[in-house]
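Undergrad: First, the structure itself, so that you have it in front of you.
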Amino acid sequence: MNCSAAIRVVFTFLISCLLLRCTHVSGQDPVVKTTGGYIRGIQEKGIFVFKGVPFAAPPVGDLRFKAPKPVHPWKDTLSCTQFGAVAAQYAGDTRTVKGDENCLQLNIYTPALRPAKKLPVLVWVHGGGMTGGSGIGQNGHSFSHHDSIITITINYRLGIFGFLYLNDVPGYQTAGNNAVLDCIMALKWIKENIKAFGGDASRVTVIGESAGAKLTSSLLVTAAAKGYFSQLILESGAINCIRDTITAKAIRKRLMDTLGISNPVELLQLPTATLINAQAKVLGGAKGTNYFGPVQDGILIKEDALAYIRHHPDKHVRVLLGTNKAEALLFMNTDKRLYAPDSTVLSDWFGDNYKYSYKAWRSIHHLPPDTAAIVTLSRYMYQLHTYRLAKALAAGGYQAWMYSFEQPNKGAPATHAEELQYVWYEAGQGSPGNLPLAVLIHQHWVDFIKGHAHWHKYDSRRRGMIYAEESREGVMDDYEDPGHPTMGFILH
């Protein structure tokens, strides 16, 4: 062996040793080195799982209501074998406050720490009306066990702590978009660390449903998120969640009136439980689903979301998006007033935009009033905005694919969130009503995550995949109301 070859062998050996020092498995005790320090996970159902991994410094004390900061490094190996705290939120079933403000953690499910080829990454952003839920609410094993996809579920700050408008309070200008910044910080952490878990930082797909899809869609309209993902999957949610500053301040005033204070600075020092309980009173149940969300603040989000997407094309980003046939039925069964909606109930749900859905409902004469309500409210809650986003993506040069989930459930039309059990189907873990469809949809999502699609891209022909008893590619029912603003909820 000549000298050059010997040097190459020694160099390769040293690199291998370094890699083994950064990531190793000892029996049931996988350990990985991250930018913050070493973490210890567990082996669970045949894969490696790391729970409660901090991706940002705790947003408490001086960081309360402020943009997330990088994690503080630790010296000893951090045990990441149990889920961390969920974000502070109201538990409606017990009428108590649960969770913690110190919630910025993620959970990693990886099939292999040193795979022969780096694996694609799926990042789950949970739903819950921007005020509830957590990353632990979704089974991260679904895509990791048999599909060779690393799955990560994240927390973000909810309600007041993630979306409270404070642009007029010095030092707190980001507060209205802190939850968006939490998501970006999580993606930044993933980009910097995922290689150590066997992942490919250039193949990150962010997936969200409902509020999670809405929040995820906001990543499209800020330059701060560019480069942290290559694909998005948006299930029942779009950029209509973004509010203007007048609306954000109006919701804040409702909160302050409930608390009996007049200066927003007073909000900063109030206890968690006091704030969350007041928030629950302002929301008043399901009708408050649209009250919190990102803000077009001129800092992180600078212009109309649809216009931004059309004017800032990114041909390297692929988007899969769609809705369910009867989205509104879930909410109608929660708020029975919606079965025969009047201006009062619609203004509770849509603010000053109530007039659009009210006029549309009254114009449907060929259907019974309750059926007309299902059709109309499903359009104005989700479908109208998803179709608009698809059109903007196509106009901006993005690659986009649309779907419509229409599988009935016990005779009732497919309502909000029912596609989740199909998307996250795992053999042996529950049985959706249409098992072959669950296998099909899950595989379609797997293939999309890995870079393949089974139907035509969305364009002027409006084609998409219709998932039902007999799934097929068809023309999307892209309902439009030209006068309706981009923002779904406005208070002026």
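We label chains A, B, ... in the order they appear in the structure tokens, count residues from 1 in each chain, and number ligands from 1 in the order shown.
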What are the nearest atom pairs, with distances in Å to one decimal, for all residues of segment 126-237 of chain A that come at most 8 Å from segment 49-56 of chain A, using only C-alpha atoms, set out by chain and rising residue number as JSON lines?
TA:
```
{"residue": "A:Met185", "atom": "CA", "partner": "A:Ala56", "partner_atom": "CA", "distance": 7.0}
{"residue": "A:Ala186", "atom": "CA", "partner": "A:Phe55", "partner_atom": "CA", "distance": 5.7}
{"residue": "A:Trp189", "atom": "CA", "partner": "A:Phe55", "partner_atom": "CA", "distance": 6.0}
```
Undergrad: Can you tell me, as a PyMOL selection string, what residues are no more than 9 Å from Asp370 of chain A when counting only C-alpha atoms, ignoring any on the same chain fewer than 4 positions away?
TA: chain A and resi 338-340+374-375
Undergrad: With only C-alpha atoms counted and 12 Å as the cut-off, give the residues of segment 320-368 of chain A in contact with segment 410-420 of chain A, each with its shortest interatomic distance in Å and the pair that gives it, as JSON lines.
TA:
```
{"residue": "A:Gly322", "atom": "CA", "partner": "A:Glu419", "partner_atom": "CA", "distance": 10.3}
{"residue": "A:Thr323", "atom": "CA", "partner": "A:His416", "partner_atom": "CA", "distance": 8.1}
{"residue": "A:Asn324", "atom": "CA", "partner": "A:Thr415", "partner_atom": "CA", "distance": 5.9}
{"residue": "A:Lys325", "atom": "CA", "partner": "A:Ala414", "partner_atom": "CA", "distance": 5.5}
{"residue": "A:Ala326", "atom": "CA", "partner": "A:Thr415", "partner_atom": "CA", "distance": 4.5}
{"residue": "A:Glu327", "atom": "CA", "partner": "A:His416", "partner_atom": "CA", "distance": 4.3}
{"residue": "A:Ala328", "atom": "CA", "partner": "A:Thr415", "partner_atom": "CA", "distance": 6.6}
{"residue": "A:Leu329", "atom": "CA", "partner": "A:Thr415", "partner_atom": "CA", "distance": 5.7}
{"residue": "A:Leu330", "atom": "CA", "partner": "A:Thr415", "partner_atom": "CA", "distance": 6.0}
{"residue": "A:Phe331", "atom": "CA", "partner": "A:His416", "partner_atom": "CA", "distance": 8.3}
{"residue": "A:Met332", "atom": "CA", "partner": "A:Thr415", "partner_atom": "CA", "distance": 10.3}
{"residue": "A:Asn333", "atom": "CA", "partner": "A:Thr415", "partner_atom": "CA", "distance": 10.7}
```
Undergrad: Considering only C-alpha atoms, can you say which of A:Gly428, A:Gly41, A:Gly483, A:Gly84 comes closest to Asn353 of chain A?
TA: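 With only C-alpha atoms as the atom set, the closest residue is A:Gly483.
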Undergrad: Tell me, as a list in words, which residues lie within 9 Å of Ala223 of chain A, counting only C-alpha atoms; anything in the same chain fewer than 4 positions away does not count.
TA: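 Returned residues: Leu219, Gly227, Leu300 and Ile301 of chain A.
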Undergrad: Taking the DSSP assignment computed from this structure's backbone, write out as a list of chain:residue names all residues of segment 221-297 of chain A that belong to strand (DSSP E or B).
TA: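 The strand (DSSP E or B) subset of segment 221-297 of chain A is A:Gln231, A:Leu232, A:Ile233, A:Leu234, A:Glu235, A:Arg243, A:Val295.
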Undergrad: Select, from A:Ile276, A:Ser148, A:Trp455, A:Ala468, the residue with the minimum atom-to-atom distance to Gly433 of chain A, counting only C-alpha atoms.
TA: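 Looking only at the distances to Gly433 of chain A, the closest residue turns out to be A:Ala468.
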Undergrad: Rank A:Val180, A:Ala278, A:Gly132, A:Leu119 by their smallest atom-to-atom distance to Ala201 of chain A, using only C-alpha atoms, and report the top residue only.
TA: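 When distances to Ala201 of chain A are compared using only C-alpha atoms, the smallest one comes from A:Leu119.
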Undergrad: Give me the residues near Tyr228 of chain A as a list in words, where near means some atom within 7 Å (using only C-alpha atoms) and where sequence neighbours in that chain fewer than 4 positions away do not count.
TA: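 What passes the distance filter is Leu187, Lys188 and Lys191 of chain A.
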Undergrad: List the spatial neighbours of Asn155 of chain A as a ChimeraX atom specification - criterion: any atom at most 8 Å away, only C-alpha atoms, same-chain residues fewer than 5 positions off excluded.
TA: /A:86-87,103-106,125-126,134-135
Undergrad: Just the number, please: distance in Å from atom CA of His141 of chain A to atom CA of Tyr38 of chain A, one decimal.
TA: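 Answer for the atom CA of His141 of chain A to atom CA of Tyr38 of chain A separation: 22.9 Å.
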